[in-house]
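**Q** Sharing start14.pdb, PDB, C-alpha atoms and all ligand atoms:
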```
ATOM      1  CA  MET A   1     124.498 103.836 110.884
ATOM      2  CA  VAL A   2     126.614 106.871 110.072
ATOM      3  CA  ALA A   3     125.134 109.907 111.767
ATOM      4  CA  THR A   4     126.119 112.203 108.911
ATOM      5  CA  GLN A   5     123.578 110.398 106.742
ATOM      6  CA  LEU A   6     121.001 112.071 108.973
ATOM      7  CA  LEU A   7     122.517 115.527 109.376
ATOM      8  CA  SER A   8     125.611 117.635 108.944
ATOM      9  CA  PRO A   9     128.097 117.984 111.786
ATOM     10  CA  ILE A  10     128.072 121.110 113.970
ATOM     11  CA  GLY A  11     130.243 123.790 112.432
ATOM     12  CA  ALA A  12     131.219 125.473 115.689
ATOM     13  CA  ALA A  13     133.956 124.109 117.908
ATOM     14  CA  GLY A  14     131.848 122.249 120.441
ATOM     15  CA  LEU A  15     129.153 123.315 122.863
ATOM     16  CA  THR A  16     130.514 125.807 125.379
ATOM     17  CA  SER A  17     127.001 127.228 125.766
ATOM     18  CA  ASP A  18     123.547 126.763 124.239
ATOM     19  CA  LEU A  19     124.413 129.655 121.903
ATOM     20  CA  ASP A  20     126.800 127.402 119.957
ATOM     21  CA  LEU A  21     123.842 125.536 118.443
ATOM     22  CA  SER A  22     121.720 127.180 115.775
ATOM     23  CA  THR A  23     117.994 126.501 115.837
ATOM     24  CA  SER A  24     118.280 124.076 112.933
ATOM     25  CA  GLU A  25     121.206 122.264 114.593
ATOM     26  CA  LEU A  26     119.198 121.997 117.797
ATOM     27  CA  ARG A  27     116.226 120.526 115.936
ATOM     28  CA  ALA A  28     118.492 118.121 114.048
ATOM     29  CA  LEU A  29     120.136 117.062 117.286
ATOM     30  CA  LEU A  30     116.772 116.298 118.884
ATOM     31  CA  ASN A  31     115.738 114.242 115.846
ATOM     32  CA  LEU A  32     118.992 112.302 116.017
ATOM     33  CA  ALA A  33     118.575 111.797 119.785
ATOM     34  CA  ALA A  34     115.149 110.237 119.144
ATOM     35  CA  GLU A  35     116.650 107.968 116.485
ATOM     36  CA  VAL A  36     119.537 106.933 118.770
ATOM     37  CA  LYS A  37     117.067 106.162 121.540
ATOM     38  CA  ARG A  38     114.885 104.077 119.192
ATOM     39  CA  ALA A  39     117.723 102.039 117.699
ATOM     40  CA  PRO A  40     120.879 102.371 119.828
ATOM     41  CA  ARG A  41     122.633  99.409 118.231
ATOM     42  CA  ASP A  42     122.551 101.089 114.819
ATOM     43  CA  PHE A  43     125.113 103.567 116.139
ATOM     44  CA  ARG A  44     127.369 101.191 118.089
ATOM     45  CA  ARG A  45     130.394 101.634 115.819
ATOM     46  CA  ASP A  46     130.026 105.303 114.873
ATOM     47  CA  LEU A  47     132.741 106.503 117.247
ATOM     48  CA  GLU A  48     135.135 103.583 116.744
ATOM     49  CA  SER A  49     138.707 104.895 117.107
ATOM     50  CA  LYS A  50     137.468 108.115 118.768
ATOM     51  CA  SER A  51     138.211 109.013 122.366
ATOM     52  CA  ALA A  52     136.924 111.541 124.880
ATOM     53  CA  ALA A  53     138.418 113.154 127.987
ATOM     54  CA  LEU A  54     135.937 114.090 130.699
ATOM     55  CA  LEU A  55     137.135 116.684 133.235
ATOM     56  CA  PHE A  56     135.178 117.319 136.424
ATOM     57  CA  GLU A  57     135.922 120.152 138.870
ATOM     58  CA  LYS A  58     132.638 119.384 140.690
ATOM     59  CA  PRO A  59     130.773 116.191 141.611
ATOM     60  CA  SER A  60     128.442 114.425 139.148
ATOM     61  CA  LEU A  61     126.341 111.287 138.901
ATOM     62  CA  ARG A  62     124.223 111.712 135.757
ATOM     63  CA  THR A  63     126.571 113.736 133.548
ATOM     64  CA  ARG A  64     129.634 111.645 134.226
ATOM     65  CA  LEU A  65     127.950 108.253 133.855
ATOM     66  CA  THR A  66     125.883 109.193 130.804
ATOM     67  CA  PHE A  67     128.880 110.657 128.962
ATOM     68  CA  GLU A  68     131.046 107.649 129.837
ATOM     69  CA  LEU A  69     128.320 105.234 128.705
ATOM     70  CA  ALA A  70     127.487 107.285 125.622
ATOM     71  CA  VAL A  71     131.074 107.197 124.346
ATOM     72  CA  GLN A  72     131.427 103.474 125.134
ATOM     73  CA  GLN A  73     128.091 102.523 123.562
ATOM     74  CA  LEU A  74     129.067 104.399 120.377
ATOM     75  CA  GLY A  75     132.276 102.341 120.163
ATOM     76  CA  GLY A  76     134.734 104.940 121.483
ATOM     77  CA  SER A  77     136.957 105.109 124.544
ATOM     78  CA  VAL A  78     136.794 107.523 127.442
ATOM     79  CA  VAL A  79     138.996 108.750 130.290
ATOM     80  CA  THR A  80     137.789 110.800 133.252
ATOM     81  CA  VAL A  81     139.763 113.150 135.506
ATOM     82  CA  GLU A  82     138.430 114.780 138.673
ATOM     83  CA  GLY A  83     139.960 117.923 140.150
ATOM     84  CA  PRO A  84     140.656 121.580 139.491
ATOM     85  CA  ILE A  85     141.409 122.549 135.884
ATOM     86  CA  GLY A  86     144.222 125.008 135.229
ATOM     87  CA  GLN A  87     145.690 124.940 138.727
ATOM     88  CA  ARG A  88     148.587 122.483 138.424
ATOM     89  CA  GLU A  89     149.394 123.852 134.983
ATOM     90  CA  PRO A  90     147.901 126.628 132.838
ATOM     91  CA  LEU A  91     144.607 126.051 131.063
ATOM     92  CA  GLN A  92     146.199 126.521 127.663
ATOM     93  CA  ASP A  93     148.643 123.693 128.368
ATOM     94  CA  VAL A  94     145.855 121.383 129.580
ATOM     95  CA  ALA A  95     143.870 122.062 126.385
ATOM     96  CA  ARG A  96     146.857 121.487 124.119
ATOM     97  CA  ASN A  97     147.923 118.281 125.879
ATOM     98  CA  LEU A  98     144.447 116.817 125.558
ATOM     99  CA  GLY A  99     144.294 117.763 121.879
ATOM    100  CA  ARG A 100     147.269 115.428 121.258
ATOM    101  CA  TRP A 101     145.515 112.409 122.801
ATOM    102  CA  VAL A 102     141.762 112.583 122.461
ATOM    103  CA  ASP A 103     139.119 113.841 120.025
ATOM    104  CA  ILE A 104     136.845 115.789 122.372
ATOM    105  CA  ILE A 105     136.922 117.444 125.815
ATOM    106  CA  VAL A 106     133.850 117.427 128.070
ATOM    107  CA  ALA A 107     134.350 119.706 131.086
ATOM    108  CA  ARG A 108     132.345 120.496 134.223
ATOM    109  CA  THR A 109     133.781 123.653 135.735
ATOM    110  CA  PHE A 110     133.062 126.233 138.371
ATOM    111  CA  ALA A 111     133.566 129.244 136.087
ATOM    112  CA  GLN A 112     132.245 129.568 132.544
ATOM    113  CA  SER A 113     135.587 131.247 131.753
ATOM    114  CA  THR A 114     137.310 127.880 132.312
ATOM    115  CA  VAL A 115     135.192 126.163 129.626
ATOM    116  CA  ASP A 116     135.651 129.159 127.319
ATOM    117  CA  GLY A 117     139.402 129.139 127.983
ATOM    118  CA  LEU A 118     139.671 125.437 127.174
ATOM    119  CA  ALA A 119     137.726 126.026 123.939
ATOM    120  CA  HIS A 120     139.923 128.991 123.056
ATOM    121  CA  TRP A 121     143.104 126.939 123.338
ATOM    122  CA  SER A 122     141.758 123.666 122.028
ATOM    123  CA  ARG A 123     141.945 122.290 118.511
ATOM    124  CA  ILE A 124     139.300 119.696 119.397
ATOM    125  CA  PRO A 125     135.650 120.342 120.379
ATOM    126  CA  VAL A 126     134.917 121.342 123.969
ATOM    127  CA  VAL A 127     131.547 120.545 125.563
ATOM    128  CA  ASN A 128     130.244 122.318 128.665
ATOM    129  CA  ALA A 129     129.113 119.654 131.144
ATOM    130  CA  LEU A 130     127.829 122.404 133.520
ATOM    131  CA  SER A 131     129.386 125.687 134.535
ATOM    132  CA  ASP A 132     128.158 128.470 136.809
ATOM    133  CA  ARG A 133     126.363 130.000 133.788
ATOM    134  CA  TYR A 134     124.986 127.191 131.610
ATOM    135  CA  HIS A 135     124.056 123.504 131.605
ATOM    136  CA  PRO A 136     123.469 122.918 127.891
ATOM    137  CA  CYS A 137     123.592 119.106 127.955
ATOM    138  CA  GLN A 138     120.817 119.074 130.549
ATOM    139  CA  ALA A 139     118.660 121.343 128.390
ATOM    140  CA  LEU A 140     119.119 119.048 125.380
ATOM    141  CA  ALA A 141     117.805 116.076 127.353
ATOM    142  CA  ASP A 142     114.996 118.200 128.782
ATOM    143  CA  MET A 143     113.866 119.331 125.334
ATOM    144  CA  GLN A 144     113.973 115.727 124.131
ATOM    145  CA  THR A 145     111.846 114.699 127.120
ATOM    146  CA  LEU A 146     109.302 117.457 126.570
ATOM    147  CA  ALA A 147     109.118 116.682 122.851
ATOM    148  CA  GLU A 148     108.270 113.066 123.748
ATOM    149  CA  HIS A 149     105.509 114.144 126.116
ATOM    150  CA  PHE A 150     104.111 117.114 124.166
ATOM    151  CA  GLY A 151     104.595 116.028 120.555
ATOM    152  CA  SER A 152     104.830 119.686 119.546
ATOM    153  CA  PHE A 153     106.009 122.747 121.501
ATOM    154  CA  GLU A 154     103.413 125.016 119.954
ATOM    155  CA  ASN A 155     101.214 126.771 122.549
ATOM    156  CA  ARG A 156     102.971 124.874 125.362
ATOM    157  CA  THR A 157     104.399 126.563 128.441
ATOM    158  CA  LEU A 158     107.294 125.538 130.658
ATOM    159  CA  ALA A 159     107.399 127.257 134.074
ATOM    160  CA  PHE A 160     110.617 127.319 136.098
ATOM    161  CA  VAL A 161     110.359 128.078 139.816
ATOM    162  CA  GLY A 162     113.398 128.878 141.963
ATOM    163  CA  ASP A 163     116.866 130.185 141.227
ATOM    164  CA  GLY A 164     117.632 131.916 137.914
ATOM    165  CA  ASN A 165     120.711 129.715 137.586
ATOM    166  CA  ASN A 166     122.734 127.727 135.034
ATOM    167  CA  VAL A 167     119.902 125.223 134.435
ATOM    168  CA  ALA A 168     117.311 128.005 134.051
ATOM    169  CA  HIS A 169     119.545 129.884 131.590
ATOM    170  CA  SER A 170     120.025 126.889 129.296
ATOM    171  CA  LEU A 171     116.356 125.920 129.465
ATOM    172  CA  MET A 172     115.239 129.432 128.637
ATOM    173  CA  LEU A 173     117.512 129.664 125.592
ATOM    174  CA  CYS A 174     116.496 126.253 124.201
ATOM    175  CA  ALA A 175     112.778 126.786 124.880
ATOM    176  CA  ALA A 176     112.873 130.160 123.135
ATOM    177  CA  ARG A 177     114.601 128.688 120.090
ATOM    178  CA  LEU A 178     112.069 125.865 119.807
ATOM    179  CA  GLY A 179     108.898 127.940 120.205
ATOM    180  CA  LEU A 180     108.110 126.776 123.750
ATOM    181  CA  ASN A 181     106.817 129.538 126.065
ATOM    182  CA  PHE A 182     109.012 129.996 129.132
ATOM    183  CA  ARG A 183     107.978 131.530 132.444
ATOM    184  CA  ILE A 184     110.257 131.889 135.444
ATOM    185  CA  ALA A 185     109.496 132.884 139.044
ATOM    186  CA  THR A 186     112.459 133.749 141.271
ATOM    187  CA  PRO A 187     112.957 135.715 144.468
ATOM    188  CA  GLN A 188     114.099 139.347 144.030
ATOM    189  CA  GLY A 189     117.826 139.354 143.360
ATOM    190  CA  TYR A 190     117.896 135.798 141.978
ATOM    191  CA  GLU A 191     116.570 136.548 138.491
ATOM    192  CA  PRO A 192     118.240 135.026 135.430
ATOM    193  CA  ASP A 193     121.080 137.020 133.882
ATOM    194  CA  ALA A 194     119.722 140.031 131.959
ATOM    195  CA  GLU A 195     121.945 139.410 128.917
ATOM    196  CA  ILE A 196     120.696 135.828 128.616
ATOM    197  CA  VAL A 197     117.085 136.975 129.000
ATOM    198  CA  ALA A 198     117.597 139.536 126.204
ATOM    199  CA  GLN A 199     119.112 136.835 123.974
ATOM    200  CA  ALA A 200     116.255 134.443 124.769
ATOM    201  CA  ARG A 201     113.709 137.168 123.948
ATOM    202  CA  GLN A 202     115.278 137.544 120.501
ATOM    203  CA  PHE A 203     115.010 133.788 119.911
ATOM    204  CA  ALA A 204     111.433 133.809 121.226
ATOM    205  CA  SER A 205     110.340 136.572 118.886
ATOM    206  CA  ALA A 206     111.768 134.573 115.959
ATOM    207  CA  SER A 207     110.023 131.364 117.046
ATOM    208  CA  GLY A 208     106.739 132.982 118.081
ATOM    209  CA  SER A 209     107.026 132.065 121.767
ATOM    210  CA  GLY A 210     107.228 134.219 124.901
ATOM    211  CA  ILE A 211     109.520 134.770 127.893
ATOM    212  CA  PHE A 212     107.858 135.904 131.111
ATOM    213  CA  LEU A 213     109.660 136.830 134.358
ATOM    214  CA  SER A 214     107.913 137.048 137.726
ATOM    215  CA  HIS A 215     108.531 136.918 141.455
ATOM    216  CA  ASP A 216     105.262 135.095 142.059
ATOM    217  CA  PRO A 217     105.403 131.283 141.725
ATOM    218  CA  ALA A 218     101.601 130.970 141.487
ATOM    219  CA  GLU A 219     101.500 133.416 138.596
ATOM    220  CA  ALA A 220     104.269 131.520 136.768
ATOM    221  CA  VAL A 221     102.800 128.027 137.116
ATOM    222  CA  THR A 222      99.083 128.672 136.639
ATOM    223  CA  GLY A 223      98.032 126.959 133.433
ATOM    224  CA  ALA A 224     101.585 125.770 132.639
ATOM    225  CA  ASN A 225     102.160 122.422 130.903
ATOM    226  CA  ALA A 226     105.332 121.621 132.839
ATOM    227  CA  ILE A 227     106.838 122.915 136.089
ATOM    228  CA  TYR A 228     110.598 122.709 136.560
ATOM    229  CA  THR A 229     112.711 123.358 139.616
ATOM    230  CA  ASP A 230     116.331 122.945 140.702
ATOM    231  CA  VAL A 231     118.273 123.138 143.963
ATOM    232  CA  TRP A 232     118.237 126.487 145.742
ATOM    233  CA  ALA A 233     122.020 126.457 146.334
ATOM    234  CA  SER A 234     124.051 125.203 143.383
ATOM    235  CA  MET A 235     127.446 123.539 143.649
ATOM    236  CA  GLY A 236     129.888 126.217 144.801
ATOM    237  CA  GLN A 237     127.175 128.137 146.737
ATOM    238  CA  GLU A 238     127.198 125.891 149.810
ATOM    239  CA  SER A 239     128.074 128.805 152.141
ATOM    240  CA  GLU A 240     124.824 130.553 151.088
ATOM    241  CA  ALA A 241     122.644 127.471 151.628
ATOM    242  CA  ALA A 242     121.044 128.524 154.957
ATOM    243  CA  GLN A 243     120.237 132.032 153.745
ATOM    244  CA  ARG A 244     118.864 130.679 150.468
ATOM    245  CA  ARG A 245     116.658 128.179 152.328
ATOM    246  CA  ARG A 246     114.935 131.109 154.030
ATOM    247  CA  ILE A 247     114.627 133.250 150.907
ATOM    248  CA  PHE A 248     113.426 130.464 148.613
ATOM    249  CA  ARG A 249     110.914 128.853 150.994
ATOM    250  CA  PRO A 250     107.846 130.317 149.176
ATOM    251  CA  TYR A 251     109.182 128.843 145.927
ATOM    252  CA  GLN A 252     108.916 125.189 146.956
ATOM    253  CA  VAL A 253     107.102 123.010 144.408
ATOM    254  CA  ASN A 254     104.588 121.264 146.664
ATOM    255  CA  ASP A 255     101.048 119.918 146.253
ATOM    256  CA  GLU A 256      99.545 123.379 146.713
ATOM    257  CA  LEU A 257     101.610 124.950 143.926
ATOM    258  CA  PHE A 258     101.348 121.851 141.716
ATOM    259  CA  SER A 259      97.548 121.917 141.990
ATOM    260  CA  LEU A 260      97.491 125.298 140.203
ATOM    261  CA  ALA A 261      98.509 123.456 137.025
ATOM    262  CA  PRO A 262      96.525 120.214 137.293
ATOM    263  CA  ASP A 263      97.763 118.759 134.002
ATOM    264  CA  ALA A 264     101.360 119.916 134.312
ATOM    265  CA  LEU A 265     104.319 117.556 134.319
ATOM    266  CA  PHE A 266     106.969 117.966 137.010
ATOM    267  CA  MET A 267     110.613 118.276 135.975
ATOM    268  CA  HIS A 268     113.904 118.377 137.870
ATOM    269  CA  CYS A 269     117.454 118.077 136.565
ATOM    270  CA  LEU A 270     118.454 116.221 139.758
ATOM    271  CA  PRO A 271     119.984 115.875 142.262
ATOM    272  CA  ALA A 272     116.917 116.997 144.224
ATOM    273  CA  LYS A 273     116.833 118.177 147.823
ATOM    274  CA  ARG A 274     113.477 116.733 148.874
ATOM    275  CA  GLY A 275     111.782 118.947 151.456
ATOM    276  CA  GLU A 276     113.512 122.032 150.038
ATOM    277  CA  GLU A 277     112.766 122.982 146.409
ATOM    278  CA  VAL A 278     110.402 120.004 145.949
ATOM    279  CA  THR A 279     108.386 117.773 148.254
ATOM    280  CA  ASP A 280     108.503 113.984 148.239
ATOM    281  CA  GLU A 281     104.876 113.915 147.064
ATOM    282  CA  VAL A 282     105.590 115.941 143.935
ATOM    283  CA  MET A 283     108.825 114.069 143.133
ATOM    284  CA  GLU A 284     106.984 110.741 143.409
ATOM    285  CA  SER A 285     103.831 111.936 141.651
ATOM    286  CA  PRO A 286     102.784 110.124 138.451
ATOM    287  CA  ARG A 287     103.170 113.500 136.773
ATOM    288  CA  SER A 288     106.921 113.605 137.593
ATOM    289  CA  ILE A 289     109.164 112.972 134.584
ATOM    290  CA  ALA A 290     112.471 113.608 136.350
ATOM    291  CA  PHE A 291     113.774 110.107 135.593
ATOM    292  CA  ASP A 292     112.783 110.382 131.923
ATOM    293  CA  GLN A 293     114.951 113.478 131.839
ATOM    294  CA  ALA A 294     117.814 111.557 133.465
ATOM    295  CA  GLU A 295     117.474 108.724 130.943
ATOM    296  CA  ASN A 296     117.508 111.129 128.028
ATOM    297  CA  ARG A 297     120.845 112.564 129.129
ATOM    298  CA  LEU A 298     122.322 109.393 127.602
ATOM    299  CA  HIS A 299     120.497 109.649 124.281
ATOM    300  CA  ALA A 300     120.822 113.416 123.819
ATOM    301  CA  GLN A 301     124.555 113.322 124.587
ATOM    302  CA  LYS A 302     125.046 110.455 122.146
ATOM    303  CA  ALA A 303     123.441 112.642 119.488
ATOM    304  CA  LEU A 304     125.708 115.531 120.461
ATOM    305  CA  LEU A 305     128.842 113.356 120.292
ATOM    306  CA  LEU A 306     127.777 112.020 116.896
ATOM    307  CA  MET A 307     127.218 115.524 115.558
ATOM    308  CA  LEU A 308     130.595 116.697 116.817
ATOM    309  CA  LEU A 309     132.687 113.634 116.036
ATOM    310  CA  ALA A 310     131.186 111.207 113.525
ATOM    311  CA  ALA A 311     132.980 111.645 110.209
TER     312      ALA A 311
HETATM  313  N1  LIG B 401     121.670 116.852 136.326
HETATM  314  C1  LIG B 401     122.974 116.669 136.437
HETATM  315  O1  LIG B 401     123.785 117.284 135.732
HETATM  316  O2  LIG B 401     123.343 115.746 137.364
HETATM  317  P1  LIG B 401     124.817 115.481 137.891
HETATM  318  O3  LIG B 401     125.236 116.695 138.659
HETATM  319  O4  LIG B 401     124.714 114.259 138.742
HETATM  320  O5  LIG B 401     125.716 115.266 136.708
HETATM  321  N1  LIG B 402     122.153 124.211 139.495
HETATM  322  C1  LIG B 402     122.730 122.950 139.921
HETATM  323  C2  LIG B 402     122.553 121.903 138.880
HETATM  324  C3  LIG B 402     123.085 120.555 139.214
HETATM  325  C4  LIG B 402     122.922 119.573 138.098
HETATM  326  C5  LIG B 402     124.204 123.160 140.225
HETATM  327  O1  LIG B 402     124.878 123.880 139.488
HETATM  328  O2  LIG B 402     124.686 122.609 141.221
END
```
Could you write out this structure as C-alpha cells?
Ligand code: CP
Ligand code: NVA
**A**
Amino acid sequence: MVATQLLSPIGAAGLTSDLDLSTSELRALLNLAAEVKRAPRDFRRDLESKSAALLFEKPSLRTRLTFELAVQQLGGSVVTVEGPIGQREPLQDVARNLGRWVDIIVARTFAQSTVDGLAHWSRIPVVNALSDRYHPCQALADMQTLAEHFGSFENRTLAFVGDGNNVAHSLMLCAARLGLNFRIATPQGYEPDAEIVAQARQFASASGSGIFLSHDPAEAVTGANAIYTDVWASMGQESEAAQRRRIFRPYQVNDELFSLAPDALFMHCLPAKRGEEVTDEVMESPRSIAFDQAENRLHAQKALLLMLLAA
C-alpha cells in the first residue's frame, strides 16, 4: 500500500520536536500507525530504495531496534553509528555528508541544539530520537497505546509522576493536542519547562483539555485513567543520581499510590529502575501497559517514516 493514499506527507523537515507535527498530522499519523500495525505486510515495499542513518550519542534498546526494524520491514536499508555528533567534524559537515547518501537522519543526542543543528544544515528530514528536551517518538507510541486502550481521549486523564523531563514534555504536548487531560507531579525545582507548559496550555485550550501541575503525587493521580513515570536521573544526569534518589523518593509509583486510581493503567517509557521510580509489583501488575508502549514504538515509527519518506 502507498501511504500517501491514506494521508499527505508532513510538510515540515522532519520531527525535531513534537511541535513539528500539527494536530491534524498527529491524528493522521496515529491512524496510519494503527493501519500499519493491523496489516504490516501491506507496507513492506513502501520504502524500497530509501535509506536511513541512525546516529546515537547515548545508549538505546527500544529506539535503535525499532527504527532499524521499521526501516527494514518497510523495504528500506539502514545504517547506525554510535558516538558523539559534531566532535570529529562540524555538525554542518555531518549533516551535509549524510544528505548525499541517505534519505533521512534519526538522531539521539545529549543537547536539543544538536538535533536542531542537524536539521538546520540538512536537506533531508531529521527525526529526534530523544534529546535532553523532547522524546517525540516515544510520545507517538504512547498516544497510540492510549488510543487503543481508551478508544477516545475525551474526559480521560493521564498523570505523570516524577521528573519534568524530555518524556514528560513530549507527552504533555501530544496529550494537549489530542484533548487528553494531563496532570504532572514533580518535586520543587524539577517542574517541566515553563515555555513548554505555556505551549501545551495553548494546545489544551484549543482541544478542550487541561494541564495541571502539582508537587503532590496523590493529588495528580487520584481519579486518573493512566499513571506514567520515568527514571529519576536521565541519561547524562548520572552524577546527580544519588541526590535525585533522595529528592524523588516520595514520587515512587508503588501499590499505595497506584491504589488511589484503582482503574488506572500504568505506563513507563522504559528502561525502568525497579525499586526507584516504580516497584516490581506495579511494573508486573495486569494494569501495566509498558510493553504495549514498547511494541508500538515499531508501528508508530513506521507511520512516521512513511509520512516523511513515502512518495
Ligand atoms: N524508551 C526508549 O527510548 O528506550 P531506549 O532508551 O532503549 O531507546
Ligand atoms: N528520560 C529518560 C528517557 C529514556 C528513554 C532519559 O532521557 O534517559
**Q** Find the residues near ligand LIG 402 (chain B). Use a cut-off of 8 Å, count all atoms listed in the file, and write them as a ChimeraX atom specification.
**A** /A:60,130-132,135,138,165-167,230-236,269-271
**Q** Choose the residue, out of A:Glu48, A:Glu195, A:Glu295, A:Glu89, that has the smallest atom-to-atom separation from ligand LIG 401 (chain B); count only C-alpha atoms and all ligand atoms.
**A** A:Glu295
**Q** Mind listing whatever residues come within 12 Å of the point (135.9, 127.7, 132.4)? Use all atoms listed in the file, file coordinates, and give them as a compact mmCIF listing (two decimals) with C-alpha atoms, in the coordinates of the input.
**A**
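Ended up saving to out-v1.txt:
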```txt
# COMPACT_ATOMS: atom_id res chain seq x y z
CA THR A 16 130.51 125.81 125.38
CA SER A 17 127.00 127.23 125.77
CA LEU A 55 137.14 116.68 133.24
CA PHE A 56 135.18 117.32 136.42
CA GLU A 57 135.92 120.15 138.87
CA PRO A 84 140.66 121.58 139.49
CA ILE A 85 141.41 122.55 135.88
CA GLY A 86 144.22 125.01 135.23
CA GLN A 87 145.69 124.94 138.73
CA LEU A 91 144.61 126.05 131.06
CA GLN A 92 146.20 126.52 127.66
CA ALA A 95 143.87 122.06 126.38
CA VAL A 106 133.85 117.43 128.07
CA ALA A 107 134.35 119.71 131.09
CA ARG A 108 132.34 120.50 134.22
CA THR A 109 133.78 123.65 135.74
CA PHE A 110 133.06 126.23 138.37
CA ALA A 111 133.57 129.24 136.09
CA GLN A 112 132.24 129.57 132.54
CA SER A 113 135.59 131.25 131.75
CA THR A 114 137.31 127.88 132.31
CA VAL A 115 135.19 126.16 129.63
CA ASP A 116 135.65 129.16 127.32
CA GLY A 117 139.40 129.14 127.98
CA LEU A 118 139.67 125.44 127.17
CA ALA A 119 137.73 126.03 123.94
CA HIS A 120 139.92 128.99 123.06
CA TRP A 121 143.10 126.94 123.34
CA VAL A 126 134.92 121.34 123.97
CA VAL A 127 131.55 120.54 125.56
CA ASN A 128 130.24 122.32 128.66
CA ALA A 129 129.11 119.65 131.14
CA LEU A 130 127.83 122.40 133.52
CA SER A 131 129.39 125.69 134.54
CA ASP A 132 128.16 128.47 136.81
CA ARG A 133 126.36 130.00 133.79
CA TYR A 134 124.99 127.19 131.61
```
**Q** I'd like to know which of A:Ile105, A:Leu61, A:Val36, A:Leu308 is closest to ligand LIG 401 (chain B), using all atoms listed in the file.
**A** A:Leu61
**Q** Taking the file as shown, find all residues satisfying the PyMOL selection byres (((chain A and resi 276) around 8) and not hetatm) and write them as a PyMOL selection string.
**A** chain A and resi 231-232+245+249+252+273-275+277-279
**Q** Given all atoms listed in the file as the basis, pick out the residue of A:Leu178, A:Ile124, A:Ala241, A:Ala52 nearest to Glu25 in chain A.
**A** A:Leu178
**Q** Measure the distance from CA of Arg45 in chain A to CA of Val71 in chain A in Å and round it to one decimal.
**A**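 According to the coordinates, CA of Arg45 in chain A and CA of Val71 in chain A are separated by 10.2 Å.
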**Q** Tell me which protein, DNA and RNA residues are within 12 Å of Gly223 in chain A, counting all atoms listed in the file, leaving out same-chain ones fewer than 6 positions away, and put them as a PDB file with C-alpha atoms, in the coordinates of the input.
**A**
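Writing the result to selection_25.pdb gives the following:
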```pdb
ATOM      1  CA  ASN A 155     101.214 126.771 122.549  1.00  0.00           C
ATOM      2  CA  ARG A 156     102.971 124.874 125.362  1.00  0.00           C
ATOM      3  CA  THR A 157     104.399 126.563 128.441  1.00  0.00           C
ATOM      4  CA  LEU A 158     107.294 125.538 130.658  1.00  0.00           C
ATOM      5  CA  ALA A 159     107.399 127.257 134.074  1.00  0.00           C
ATOM      6  CA  ASN A 181     106.817 129.538 126.065  1.00  0.00           C
ATOM      7  CA  ARG A 183     107.978 131.530 132.444  1.00  0.00           C
ATOM      8  CA  PRO A 217     105.403 131.283 141.725  1.00  0.00           C
ATOM      9  CA  LEU A 257     101.610 124.950 143.926  1.00  0.00           C
ATOM     10  CA  PHE A 258     101.348 121.851 141.716  1.00  0.00           C
ATOM     11  CA  SER A 259      97.548 121.917 141.990  1.00  0.00           C
ATOM     12  CA  LEU A 260      97.491 125.298 140.203  1.00  0.00           C
ATOM     13  CA  ALA A 261      98.509 123.456 137.025  1.00  0.00           C
ATOM     14  CA  PRO A 262      96.525 120.214 137.293  1.00  0.00           C
ATOM     15  CA  ASP A 263      97.763 118.759 134.002  1.00  0.00           C
ATOM     16  CA  ALA A 264     101.360 119.916 134.312  1.00  0.00           C
ATOM     17  CA  LEU A 265     104.319 117.556 134.319  1.00  0.00           C
TER      18      LEU A 265
END
```
**Q** Assuming 4 Å of padding per side, give the centre and edge lengths of the axis-aligned box around every listed atom of ligand LIG 401 (chain B), in Å to one decimal and as JSON.
**A**
```
{"center_x": 123.7, "center_y": 115.8, "center_z": 137.2, "size_x": 12.0, "size_y": 11.0, "size_z": 11.0}
```
**Q** Using the chain letters and numbers from the file, give me the residues hit by the PyMOL selection byres (((chain A and resi 168) around 9) and not hetatm), as a ChimeraX atom specification.
**A** /A:134-135,139,160,162-167,169-173,184,192,228-230
**Q** Kindly indicate which residue among A:Gln199, A:Gln293, A:Gln301, A:Thr186 lies nearest to ligand LIG 401 (chain B), using only C-alpha atoms and all ligand atoms for the distances.
**A**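 Counting only C-alpha atoms and all ligand atoms, the residue closest to ligand LIG 401 (chain B) is A:Gln293.
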**Q** For ligand LIG 401 (chain B), which residue out of A:Gln202, A:Asn296, A:Ser209, A:Asn31 is the nearest one, using only C-alpha atoms and all ligand atoms?
**A**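 Among the listed residues, the smallest separation from ligand LIG 401 (chain B) belongs to A:Asn296.
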**Q** Between A:Phe67, A:Phe150, A:Tyr190, A:Phe248, which has the minimum distance to ligand LIG 401 (chain B) (counting all atoms listed in the file)?
**A** A:Phe67
**Q** Decode the PyMOL selection byres (((chain A and resi 68) around 10) and not hetatm) for the given file into explicit residues and return them as a PDB file with C-alpha atoms, in the coordinates of the input.
**A**
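expr05.pdb written:
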```pdb
ATOM      1  CA  ALA A  52     136.924 111.541 124.880  1.00  0.00           C
ATOM      2  CA  ALA A  53     138.418 113.154 127.987  1.00  0.00           C
ATOM      3  CA  LEU A  54     135.937 114.090 130.699  1.00  0.00           C
ATOM      4  CA  ARG A  62     124.223 111.712 135.757  1.00  0.00           C
ATOM      5  CA  THR A  63     126.571 113.736 133.548  1.00  0.00           C
ATOM      6  CA  ARG A  64     129.634 111.645 134.226  1.00  0.00           C
ATOM      7  CA  LEU A  65     127.950 108.253 133.855  1.00  0.00           C
ATOM      8  CA  THR A  66     125.883 109.193 130.804  1.00  0.00           C
ATOM      9  CA  PHE A  67     128.880 110.657 128.962  1.00  0.00           C
ATOM     10  CA  LEU A  69     128.320 105.234 128.705  1.00  0.00           C
ATOM     11  CA  ALA A  70     127.487 107.285 125.622  1.00  0.00           C
ATOM     12  CA  VAL A  71     131.074 107.197 124.346  1.00  0.00           C
ATOM     13  CA  GLN A  72     131.427 103.474 125.134  1.00  0.00           C
ATOM     14  CA  GLN A  73     128.091 102.523 123.562  1.00  0.00           C
ATOM     15  CA  GLY A  76     134.734 104.940 121.483  1.00  0.00           C
ATOM     16  CA  SER A  77     136.957 105.109 124.544  1.00  0.00           C
ATOM     17  CA  VAL A  78     136.794 107.523 127.442  1.00  0.00           C
ATOM     18  CA  VAL A  79     138.996 108.750 130.290  1.00  0.00           C
ATOM     19  CA  THR A  80     137.789 110.800 133.252  1.00  0.00           C
ATOM     20  CA  LEU A 298     122.322 109.393 127.602  1.00  0.00           C
TER      21      LEU A 298
END
```
**Q** Report, in Å with one decimal, the straight-line distance from CA of Cys174 in chain A to CA of Asp18 in chain A.
**A** 7.1 Å
